[in-house]
Amino acid sequence: MINLYSDTQSKPTRPMREVMMMAEVGDEQAGSDPTVNALLEKTADLLGKEAALFLPTGTMCNLVAVKTHTQPGQTILVDRLAHIVRMETGGAALASGVMVDILDGEHGHYSAEAVLEALSWPPSNYTPRPALLCLEQTHNFGGGSIWPLEAITAVTAVAREHGLSVHMDGARLMNAVVASGTPAADFAAPCDSVWIDFTKGLGAPMGAVLAGSSAFIENARRYKHAFGGAMRQAGIAAAACIYALDHHVDRLQEDHENMQRLVNGLRAIPGLDVPERVESNILFFSISAPHKNAVWFEASMRERGVLLSRIGERMRAVTHLDVGRDEIDAAVRAARMVMEAAGD
Ligand SMILES: *Cc1c(COP(=O)(O)O)cnc(C)c1O
């Protein structure tokens, strides 16, 4: 199977498993797992923040961060396609009692004007208090789109003027770093909290790290505990994350090159509607040929050994470290055969 379903499905490599096996461990919950502590120091450094927290998943990073930044009844400003809104089971409402104020935009990016408009209701006894602005880098359902630093600076400046905190869902921040050449700490600087996921392109089996000021992380640690995210000999997992930072960051470039190869290949196939510009490792495309649809395409590709994911009528393909150039070419050939076999 050629797995373009998600970069979450990459398997830990043998050298990664070896460092996991050899990891020095302690009690993470008590703050005494040396490998976790090394990971936190390394990640805080990378993101230019004072402190960091190891969590089992990225979802829990968002859950804990929203909880730490808000009080029940307040609003968080999030774009329409954000993972926080679409894919986290309403956790922000469940755990934090916040309302979501949706921002519209392009590819998951909203403008400073949209933020200003959302904040333009004069504060009164009637209006809820906006507390937090969220942004996603890269943007998953925006098709791996990358917020340029200037755009981040513009939207966060408006938020700050209105007293909001800023949170970055940086599940694939390192893809943005590699693709843009902007350092992670620069992207993170306008944000009070930011996290990276180790289970996406970085290829670790579990773990995410949330970073921010020492005061923020101290509060976040209590919620991590409350939500059941405090672990024990988590150094086993942290070792894989350290390995990923050392060995799997620069290679994200290969995933982006493979994605360009895939995009170029698919664009040449009649009946597929493939965007011209794809910025990182995620592609959304659709089936424009008449009498054909995404459900059929997904099933036909699977029969030919290519796994894709589908959200409604949109197909998604994601490149990652278990998919090489040859697999990309094979996937393009499969897509061509599927579309040609169907006639028209
Ligand atoms: C995957 C993802 C998450 C959730 O991370 P998990 O580690 O799978 O819980 C959150 N935000 C974005 C943008 C993601 O792509």
# chains A, B, ... in the order shown; residues from 1 in each chain; ligands from 1
call {"tool": "residues_near_ligand", "arguments": {"ligand": "ligand 1", "cutoff": "10 Å", "atoms": "only C-alpha atoms and all ligand atoms", "output": "PDB file with N, CA, C and O atoms, in the first residue's frame"}}
result
ATOM      1  N   SER A   6      -2.248   9.981   5.564  1.00  0.00           N
ATOM      2  CA  SER A   6      -1.853  11.033   6.511  1.00  0.00           C
ATOM      3  C   SER A   6      -0.406  10.844   6.927  1.00  0.00           C
ATOM      4  O   SER A   6       0.083   9.703   6.976  1.00  0.00           O
ATOM      5  N   ASP A   7       0.250  11.946   7.283  1.00  0.00           N
ATOM      6  CA  ASP A   7       1.607  11.837   7.829  1.00  0.00           C
ATOM      7  C   ASP A   7       1.592  11.268   9.240  1.00  0.00           C
ATOM      8  O   ASP A   7       2.638  10.945   9.798  1.00  0.00           O
ATOM      9  N   THR A   8       0.402  11.108   9.812  1.00  0.00           N
ATOM     10  CA  THR A   8       0.319  10.467  11.132  1.00  0.00           C
ATOM     11  C   THR A   8       0.546   8.960  11.026  1.00  0.00           C
ATOM     12  O   THR A   8       0.753   8.308  12.038  1.00  0.00           O
ATOM     13  N   LEU A  55       3.032  16.474  26.335  1.00  0.00           N
ATOM     14  CA  LEU A  55       1.663  15.957  26.360  1.00  0.00           C
ATOM     15  C   LEU A  55       1.552  14.777  25.409  1.00  0.00           C
ATOM     16  O   LEU A  55       2.319  14.673  24.450  1.00  0.00           O
ATOM     17  N   PRO A  56       0.596  13.888  25.682  1.00  0.00           N
ATOM     18  CA  PRO A  56       0.484  12.695  24.837  1.00  0.00           C
ATOM     19  C   PRO A  56       0.099  13.025  23.396  1.00  0.00           C
ATOM     20  O   PRO A  56       0.518  12.329  22.482  1.00  0.00           O
ATOM     21  N   THR A  57      -0.736  14.053  23.205  1.00  0.00           N
ATOM     22  CA  THR A  57      -1.228  14.359  21.853  1.00  0.00           C
ATOM     23  C   THR A  57      -1.301  15.873  21.615  1.00  0.00           C
ATOM     24  O   THR A  57      -1.335  16.665  22.565  1.00  0.00           O
ATOM     25  N   GLY A  58      -1.399  16.205  20.347  1.00  0.00           N
ATOM     26  CA  GLY A  58      -1.613  17.593  19.972  1.00  0.00           C
ATOM     27  C   GLY A  58      -2.984  18.073  20.392  1.00  0.00           C
ATOM     28  O   GLY A  58      -3.164  19.238  20.793  1.00  0.00           O
ATOM     29  N   THR A  59      -3.964  17.190  20.309  1.00  0.00           N
ATOM     30  CA  THR A  59      -5.318  17.549  20.729  1.00  0.00           C
ATOM     31  C   THR A  59      -5.304  18.027  22.178  1.00  0.00           C
ATOM     32  O   THR A  59      -5.946  19.022  22.537  1.00  0.00           O
ATOM     33  N   MET A  60      -4.531  17.326  23.007  1.00  0.00           N
ATOM     34  CA  MET A  60      -4.466  17.737  24.413  1.00  0.00           C
ATOM     35  C   MET A  60      -3.714  19.062  24.578  1.00  0.00           C
ATOM     36  O   MET A  60      -4.011  19.832  25.501  1.00  0.00           O
ATOM     37  N   CYS A  61      -2.774  19.348  23.682  1.00  0.00           N
ATOM     38  CA  CYS A  61      -2.097  20.662  23.725  1.00  0.00           C
ATOM     39  C   CYS A  61      -3.129  21.774  23.521  1.00  0.00           C
ATOM     40  O   CYS A  61      -3.139  22.767  24.257  1.00  0.00           O
ATOM     41  N   ASN A  62      -3.991  21.602  22.517  1.00  0.00           N
ATOM     42  CA  ASN A  62      -5.018  22.623  22.284  1.00  0.00           C
ATOM     43  C   ASN A  62      -5.977  22.702  23.469  1.00  0.00           C
ATOM     44  O   ASN A  62      -6.350  23.793  23.911  1.00  0.00           O
ATOM     45  N   LEU A  63      -6.368  21.536  23.973  1.00  0.00           N
ATOM     46  CA  LEU A  63      -7.318  21.479  25.090  1.00  0.00           C
ATOM     47  C   LEU A  63      -6.761  22.223  26.309  1.00  0.00           C
ATOM     48  O   LEU A  63      -7.444  23.060  26.911  1.00  0.00           O
ATOM     49  N   LEU A  81     -12.023  26.603   9.386  1.00  0.00           N
ATOM     50  CA  LEU A  81     -11.541  25.256   9.071  1.00  0.00           C
ATOM     51  C   LEU A  81     -10.579  24.705  10.123  1.00  0.00           C
ATOM     52  O   LEU A  81      -9.987  23.649   9.936  1.00  0.00           O
ATOM     53  N   ALA A  82     -10.437  25.419  11.227  1.00  0.00           N
ATOM     54  CA  ALA A  82      -9.407  25.046  12.204  1.00  0.00           C
ATOM     55  C   ALA A  82      -9.652  23.659  12.799  1.00  0.00           C
ATOM     56  O   ALA A  82     -10.784  23.253  13.034  1.00  0.00           O
ATOM     57  N   HIS A  83      -8.568  22.981  13.073  1.00  0.00           N
ATOM     58  CA  HIS A  83      -8.630  21.663  13.723  1.00  0.00           C
ATOM     59  C   HIS A  83      -9.389  21.771  15.051  1.00  0.00           C
ATOM     60  O   HIS A  83     -10.194  20.909  15.384  1.00  0.00           O
ATOM     61  N   ILE A  84      -9.154  22.849  15.789  1.00  0.00           N
ATOM     62  CA  ILE A  84      -9.841  23.059  17.075  1.00  0.00           C
ATOM     63  C   ILE A  84     -11.357  23.031  16.889  1.00  0.00           C
ATOM     64  O   ILE A  84     -12.089  22.513  17.735  1.00  0.00           O
ATOM     65  N   VAL A  85     -11.827  23.567  15.765  1.00  0.00           N
ATOM     66  CA  VAL A  85     -13.268  23.645  15.509  1.00  0.00           C
ATOM     67  C   VAL A  85     -13.803  22.348  14.909  1.00  0.00           C
ATOM     68  O   VAL A  85     -14.874  21.870  15.287  1.00  0.00           O
ATOM     69  N   ARG A  86     -13.044  21.772  13.977  1.00  0.00           N
ATOM     70  CA  ARG A  86     -13.563  20.664  13.163  1.00  0.00           C
ATOM     71  C   ARG A  86     -13.273  19.277  13.704  1.00  0.00           C
ATOM     72  O   ARG A  86     -13.985  18.330  13.388  1.00  0.00           O
ATOM     73  N   MET A  87     -12.178  19.132  14.434  1.00  0.00           N
ATOM     74  CA  MET A  87     -11.663  17.777  14.660  1.00  0.00           C
ATOM     75  C   MET A  87     -11.345  17.439  16.112  1.00  0.00           C
ATOM     76  O   MET A  87     -10.632  16.473  16.357  1.00  0.00           O
ATOM     77  N   GLU A  88     -11.848  18.245  17.040  1.00  0.00           N
ATOM     78  CA  GLU A  88     -11.482  17.957  18.423  1.00  0.00           C
ATOM     79  C   GLU A  88     -12.701  17.717  19.307  1.00  0.00           C
ATOM     80  O   GLU A  88     -12.682  17.973  20.520  1.00  0.00           O
ATOM     81  N   LEU A 135      -4.368  30.478  15.815  1.00  0.00           N
ATOM     82  CA  LEU A 135      -4.009  30.258  14.419  1.00  0.00           C
ATOM     83  C   LEU A 135      -3.284  28.928  14.263  1.00  0.00           C
ATOM     84  O   LEU A 135      -2.728  28.390  15.206  1.00  0.00           O
ATOM     85  N   GLU A 136      -3.342  28.418  13.045  1.00  0.00           N
ATOM     86  CA  GLU A 136      -2.838  27.068  12.764  1.00  0.00           C
ATOM     87  C   GLU A 136      -1.740  27.145  11.714  1.00  0.00           C
ATOM     88  O   GLU A 136      -1.946  27.716  10.644  1.00  0.00           O
ATOM     89  N   GLN A 137      -0.576  26.591  12.054  1.00  0.00           N
ATOM     90  CA  GLN A 137       0.594  26.649  11.157  1.00  0.00           C
ATOM     91  C   GLN A 137       1.235  25.275  11.037  1.00  0.00           C
ATOM     92  O   GLN A 137       1.703  24.774  12.052  1.00  0.00           O
ATOM     93  N   THR A 138       1.353  24.624   9.892  1.00  0.00           N
ATOM     94  CA  THR A 138       0.656  24.959   8.668  1.00  0.00           C
ATOM     95  C   THR A 138      -0.834  24.692   8.853  1.00  0.00           C
ATOM     96  O   THR A 138      -1.209  24.038   9.833  1.00  0.00           O
ATOM     97  N   HIS A 139      -1.639  25.120   7.922  1.00  0.00           N
ATOM     98  CA  HIS A 139      -3.065  24.894   8.097  1.00  0.00           C
ATOM     99  C   HIS A 139      -3.491  23.599   7.415  1.00  0.00           C
ATOM    100  O   HIS A 139      -3.431  23.472   6.205  1.00  0.00           O
ATOM    101  N   ASN A 140      -3.954  22.664   8.254  1.00  0.00           N
ATOM    102  CA  ASN A 140      -4.298  21.328   7.763  1.00  0.00           C
ATOM    103  C   ASN A 140      -5.382  21.384   6.686  1.00  0.00           C
ATOM    104  O   ASN A 140      -5.129  21.098   5.511  1.00  0.00           O
ATOM    105  N   PHE A 141      -6.589  21.798   7.072  1.00  0.00           N
ATOM    106  CA  PHE A 141      -7.694  21.775   6.099  1.00  0.00           C
ATOM    107  C   PHE A 141      -7.643  22.951   5.125  1.00  0.00           C
ATOM    108  O   PHE A 141      -8.442  23.020   4.195  1.00  0.00           O
ATOM    109  N   GLY A 142      -6.700  23.834   5.348  1.00  0.00           N
ATOM    110  CA  GLY A 142      -6.398  24.872   4.361  1.00  0.00           C
ATOM    111  C   GLY A 142      -5.443  24.343   3.291  1.00  0.00           C
ATOM    112  O   GLY A 142      -4.992  25.108   2.438  1.00  0.00           O
ATOM    113  N   GLY A 144      -2.363  22.588   3.912  1.00  0.00           N
ATOM    114  CA  GLY A 144      -0.944  22.756   4.269  1.00  0.00           C
ATOM    115  C   GLY A 144      -0.443  24.162   4.030  1.00  0.00           C
ATOM    116  O   GLY A 144       0.761  24.388   3.862  1.00  0.00           O
ATOM    117  N   MET A 168      -0.896  29.384  19.041  1.00  0.00           N
ATOM    118  CA  MET A 168      -0.627  28.777  17.744  1.00  0.00           C
ATOM    119  C   MET A 168      -0.686  27.261  17.836  1.00  0.00           C
ATOM    120  O   MET A 168       0.056  26.650  18.606  1.00  0.00           O
ATOM    121  N   ASP A 169      -1.600  26.672  17.042  1.00  0.00           N
ATOM    122  CA  ASP A 169      -1.611  25.225  16.832  1.00  0.00           C
ATOM    123  C   ASP A 169      -0.546  24.957  15.776  1.00  0.00           C
ATOM    124  O   ASP A 169      -0.761  25.140  14.590  1.00  0.00           O
ATOM    125  N   GLY A 170       0.619  24.550  16.253  1.00  0.00           N
ATOM    126  CA  GLY A 170       1.754  24.346  15.345  1.00  0.00           C
ATOM    127  C   GLY A 170       2.015  22.873  15.076  1.00  0.00           C
ATOM    128  O   GLY A 170       3.166  22.451  14.995  1.00  0.00           O
ATOM    129  N   ALA A 171       0.930  22.104  14.935  1.00  0.00           N
ATOM    130  CA  ALA A 171       1.086  20.666  14.672  1.00  0.00           C
ATOM    131  C   ALA A 171       2.167  20.425  13.615  1.00  0.00           C
ATOM    132  O   ALA A 171       3.020  19.561  13.774  1.00  0.00           O
ATOM    133  N   ARG A 172       2.106  21.219  12.534  1.00  0.00           N
ATOM    134  CA  ARG A 172       3.106  21.083  11.456  1.00  0.00           C
ATOM    135  C   ARG A 172       3.932  22.362  11.297  1.00  0.00           C
ATOM    136  O   ARG A 172       4.326  22.710  10.191  1.00  0.00           O
ATOM    137  N   LEU A 173       4.219  23.009  12.397  1.00  0.00           N
ATOM    138  CA  LEU A 173       5.036  24.221  12.349  1.00  0.00           C
ATOM    139  C   LEU A 173       6.374  23.963  11.653  1.00  0.00           C
ATOM    140  O   LEU A 173       6.868  24.797  10.887  1.00  0.00           O
ATOM    141  N   TRP A 195       2.595  24.959  20.075  1.00  0.00           N
ATOM    142  CA  TRP A 195       3.013  23.567  20.280  1.00  0.00           C
ATOM    143  C   TRP A 195       3.372  22.935  18.946  1.00  0.00           C
ATOM    144  O   TRP A 195       2.943  23.404  17.895  1.00  0.00           O
ATOM    145  N   ILE A 196       4.187  21.895  19.032  1.00  0.00           N
ATOM    146  CA  ILE A 196       4.474  21.104  17.834  1.00  0.00           C
ATOM    147  C   ILE A 196       4.134  19.647  18.103  1.00  0.00           C
ATOM    148  O   ILE A 196       4.216  19.170  19.235  1.00  0.00           O
ATOM    149  N   ASP A 197       3.720  18.983  17.046  1.00  0.00           N
ATOM    150  CA  ASP A 197       3.349  17.576  17.126  1.00  0.00           C
ATOM    151  C   ASP A 197       4.517  16.741  16.626  1.00  0.00           C
ATOM    152  O   ASP A 197       5.129  17.081  15.616  1.00  0.00           O
ATOM    153  N   PHE A 198       4.809  15.665  17.335  1.00  0.00           N
ATOM    154  CA  PHE A 198       5.892  14.784  16.887  1.00  0.00           C
ATOM    155  C   PHE A 198       5.383  13.623  16.059  1.00  0.00           C
ATOM    156  O   PHE A 198       6.172  12.834  15.544  1.00  0.00           O
ATOM    157  N   THR A 199       4.068  13.505  15.927  1.00  0.00           N
ATOM    158  CA  THR A 199       3.505  12.342  15.237  1.00  0.00           C
ATOM    159  C   THR A 199       3.061  12.649  13.811  1.00  0.00           C
ATOM    160  O   THR A 199       2.493  11.797  13.147  1.00  0.00           O
ATOM    161  N   LYS A 200       3.304  13.862  13.348  1.00  0.00           N
ATOM    162  CA  LYS A 200       2.981  14.188  11.954  1.00  0.00           C
ATOM    163  C   LYS A 200       4.244  13.931  11.133  1.00  0.00           C
ATOM    164  O   LYS A 200       4.803  12.858  11.224  1.00  0.00           O
ATOM    165  N   PRO A 205       6.072   8.048  17.325  1.00  0.00           N
ATOM    166  CA  PRO A 205       4.815   7.318  17.553  1.00  0.00           C
ATOM    167  C   PRO A 205       3.819   8.045  18.457  1.00  0.00           C
ATOM    168  O   PRO A 205       2.630   7.761  18.412  1.00  0.00           O
ATOM    169  N   MET A 206       4.287   8.956  19.298  1.00  0.00           N
ATOM    170  CA  MET A 206       3.373   9.696  20.180  1.00  0.00           C
ATOM    171  C   MET A 206       4.078  10.930  20.721  1.00  0.00           C
ATOM    172  O   MET A 206       5.304  11.002  20.701  1.00  0.00           O
ATOM    173  N   GLY A 207       3.289  11.881  21.182  1.00  0.00           N
ATOM    174  CA  GLY A 207       3.859  13.017  21.890  1.00  0.00           C
ATOM    175  C   GLY A 207       3.766  14.335  21.163  1.00  0.00           C
ATOM    176  O   GLY A 207       3.851  14.416  19.942  1.00  0.00           O
ATOM    177  N   ALA A 208       3.544  15.380  21.950  1.00  0.00           N
ATOM    178  CA  ALA A 208       3.524  16.754  21.457  1.00  0.00           C
ATOM    179  C   ALA A 208       4.050  17.631  22.584  1.00  0.00           C
ATOM    180  O   ALA A 208       3.939  17.263  23.761  1.00  0.00           O
ATOM    181  N   VAL A 209       4.634  18.766  22.226  1.00  0.00           N
ATOM    182  CA  VAL A 209       5.165  19.667  23.260  1.00  0.00           C
ATOM    183  C   VAL A 209       4.548  21.049  23.107  1.00  0.00           C
ATOM    184  O   VAL A 209       4.557  21.635  22.022  1.00  0.00           O
TER     185      VAL A 209
END
call {"tool": "residues_around", "arguments": {"residues": "Arg261 in chain A", "least_positions_apart": "4", "cutoff": "10 Å", "atoms": "only C-alpha atoms", "output": "short mmCIF file (atom, residue, chain, number, x, y, z; two decimals) with N, CA and C atoms, in the first residue's frame"}}
result
data_model
loop_
_atom_site.label_atom_id
_atom_site.label_comp_id
_atom_site.auth_asym_id
_atom_site.auth_seq_id
_atom_site.Cartn_x
_atom_site.Cartn_y
_atom_site.Cartn_z
N ASP A 255 9.62 15.68 1.69
CA ASP A 255 8.15 15.51 1.64
C ASP A 255 7.53 16.60 0.77
N HIS A 256 8.09 17.81 0.90
CA HIS A 256 7.55 18.92 0.11
C HIS A 256 7.87 18.73 -1.37
N GLU A 257 9.06 18.24 -1.65
CA GLU A 257 9.42 17.98 -3.05
C GLU A 257 8.55 16.86 -3.62
N GLY A 265 2.08 15.70 -11.26
CA GLY A 265 1.56 14.48 -11.88
C GLY A 265 0.05 14.49 -11.97
N LEU A 266 -0.60 14.83 -10.88
CA LEU A 266 -2.07 14.79 -10.85
C LEU A 266 -2.67 15.89 -11.71
N ARG A 267 -1.99 17.03 -11.77
CA ARG A 267 -2.52 18.15 -12.56
C ARG A 267 -2.62 17.81 -14.04
N ARG A 325 9.88 8.93 -3.65
CA ARG A 325 9.65 9.37 -5.02
C ARG A 325 8.98 8.32 -5.90
N ILE A 328 5.39 7.97 -5.19
CA ILE A 328 4.64 9.11 -5.74
C ILE A 328 4.34 8.85 -7.21
N ASP A 329 5.37 8.41 -7.94
CA ASP A 329 5.16 8.13 -9.37
C ASP A 329 4.12 7.02 -9.55
N VAL A 332 0.66 8.42 -8.98
CA VAL A 332 0.19 9.21 -10.13
C VAL A 332 -0.27 8.26 -11.25
#
call {"tool": "closest_residue", "arguments": {"among": "A:Ala184, A:Val194, A:Leu262, A:Ala335", "to": "Val323 in chain A", "atoms": "only C-alpha atoms"}}
result
A:Leu262
call {"tool": "residues_around", "arguments": {"residues": "Val115 in chain A", "least_positions_apart": "3", "cutoff": "9 Å", "atoms": "only C-alpha atoms", "output": "VMD selection string"}}
result
chain A and resid 77 103 110 to 112 118 to 120 133 155 to 156 158 to 159
call {"tool": "select_by_dssp", "arguments": {"residues": "range 46-114 of chain A", "states": "alpha helix (DSSP H)", "output": "VMD selection string"}}
result
chain A and resid 46 to 47 58 to 69 83 to 86 91 to 96 112 to 114
call {"tool": "closest_residue", "arguments": {"among": "A:Gly235, A:Thr182, A:Ile76, A:Pro123", "to": "Ser32 in chain A", "atoms": "only C-alpha atoms"}}
result
A:Gly235
call {"tool": "residues_around", "arguments": {"residues": "range 272-278 of chain A", "least_positions_apart": "4", "cutoff": "9 Å", "atoms": "only C-alpha atoms", "output": "short mmCIF file (atom, residue, chain, number, x, y, z; two decimals) with N, CA and C atoms, in the first residue's frame"}}
result
data_model
loop_
_atom_site.label_atom_id
_atom_site.label_comp_id
_atom_site.auth_asym_id
_atom_site.auth_seq_id
_atom_site.Cartn_x
_atom_site.Cartn_y
_atom_site.Cartn_z
N GLY A 143 -5.09 23.05 3.36
CA GLY A 143 -4.21 22.44 2.35
C GLY A 143 -2.74 22.69 2.64
N GLY A 144 -2.36 22.59 3.91
CA GLY A 144 -0.94 22.76 4.27
C GLY A 144 -0.44 24.16 4.03
N SER A 145 -1.37 25.12 4.02
CA SER A 145 -0.98 26.52 3.73
C SER A 145 -0.15 27.10 4.87
N HIS A 256 8.09 17.81 0.90
CA HIS A 256 7.55 18.92 0.11
C HIS A 256 7.87 18.73 -1.37
N MET A 259 5.63 16.17 -2.68
CA MET A 259 4.29 16.74 -2.87
C MET A 259 4.23 17.50 -4.20
N GLN A 260 5.25 18.27 -4.50
CA GLN A 260 5.26 19.01 -5.78
C GLN A 260 5.19 18.03 -6.94
N VAL A 263 1.67 16.79 -7.15
CA VAL A 263 0.79 17.85 -7.69
C VAL A 263 0.97 17.95 -9.20
N ASN A 264 2.22 17.98 -9.64
CA ASN A 264 2.47 18.09 -11.08
C ASN A 264 1.90 16.89 -11.83
N LEU A 266 -0.60 14.83 -10.88
CA LEU A 266 -2.07 14.79 -10.85
C LEU A 266 -2.67 15.89 -11.71
N ARG A 267 -1.99 17.03 -11.77
CA ARG A 267 -2.52 18.15 -12.56
C ARG A 267 -2.62 17.81 -14.04
N ALA A 268 -1.79 16.87 -14.47
CA ALA A 268 -1.77 16.49 -15.89
C ALA A 268 -2.88 15.49 -16.23
N ILE A 282 0.60 18.81 2.25
CA ILE A 282 -0.82 18.43 2.22
C ILE A 282 -1.48 18.97 0.96
N LEU A 283 -2.18 18.10 0.27
CA LEU A 283 -2.90 18.50 -0.95
C LEU A 283 -4.38 18.15 -0.81
N PHE A 284 -5.22 19.11 -1.08
CA PHE A 284 -6.65 18.83 -1.27
C PHE A 284 -6.96 18.98 -2.74
N PHE A 285 -7.69 18.02 -3.29
CA PHE A 285 -8.10 18.14 -4.69
C PHE A 285 -9.47 17.53 -4.84
N SER A 286 -10.07 17.76 -6.00
CA SER A 286 -11.41 17.21 -6.19
C SER A 286 -11.54 16.59 -7.59
N ILE A 287 -12.65 15.92 -7.78
CA ILE A 287 -12.90 15.22 -9.05
C ILE A 287 -13.86 16.11 -9.84
N SER A 288 -13.38 16.60 -10.98
CA SER A 288 -14.22 17.52 -11.77
C SER A 288 -14.91 16.80 -12.92
N ALA A 289 -14.46 15.58 -13.23
CA ALA A 289 -15.07 14.84 -14.35
C ALA A 289 -16.54 14.56 -14.03
N MET A 339 -8.70 7.13 -13.67
CA MET A 339 -9.48 8.13 -14.41
C MET A 339 -9.69 7.68 -15.87
#
call {"tool": "closest_residue", "arguments": {"among": "A:Asp246, A:Glu50, A:Glu113, A:Asp192", "to": "His69 in chain A", "atoms": "only C-alpha atoms"}}
result
A:Asp192
call {"tool": "closest_residue", "arguments": {"among": "A:Asp79, A:Gly181, A:Arg129, A:Pro72", "to": "His109 in chain A", "atoms": "only C-alpha atoms"}}
result
A:Asp79
call {"tool": "closest_residue", "arguments": {"among": "A:Val318, A:Val66, A:Thr43, A:Met21", "to": "Asn219 in chain A", "atoms": "only C-alpha atoms"}}
result
A:Val66
call {"tool": "closest_residue", "arguments": {"among": "A:Leu40, A:Gly26, A:Thr127, A:Gly271", "to": "Gly73 in chain A", "atoms": "only C-alpha atoms"}}
result
A:Thr127
call {"tool": "atom_distance", "arguments": {"atom1": "CA of Arg221 in chain A", "atom2": "CA of Leu53 in chain A"}}
result
7.0 Å
call {"tool": "atom_distance", "arguments": {"atom1": "CA of Met315 in chain A", "atom2": "CA of Ile102 in chain A"}}
result
24.0 Å
call {"tool": "select_by_dssp", "arguments": {"residues": "range 94-324 of chain A", "states": "strand (DSSP E or B)", "output": "MDAnalysis selection string"}}
result
chainID A and resid 99:103 106 109 130:136 139 145 165:170 193:197 208:212 272:273 282:287 306:307 309:311 314:318
call {"tool": "residues_around", "arguments": {"residues": "Met231 in chain A", "least_positions_apart": "4", "cutoff": "8 Å", "atoms": "only C-alpha atoms", "output": "number ranges by chain"}}
result
A: 27-29
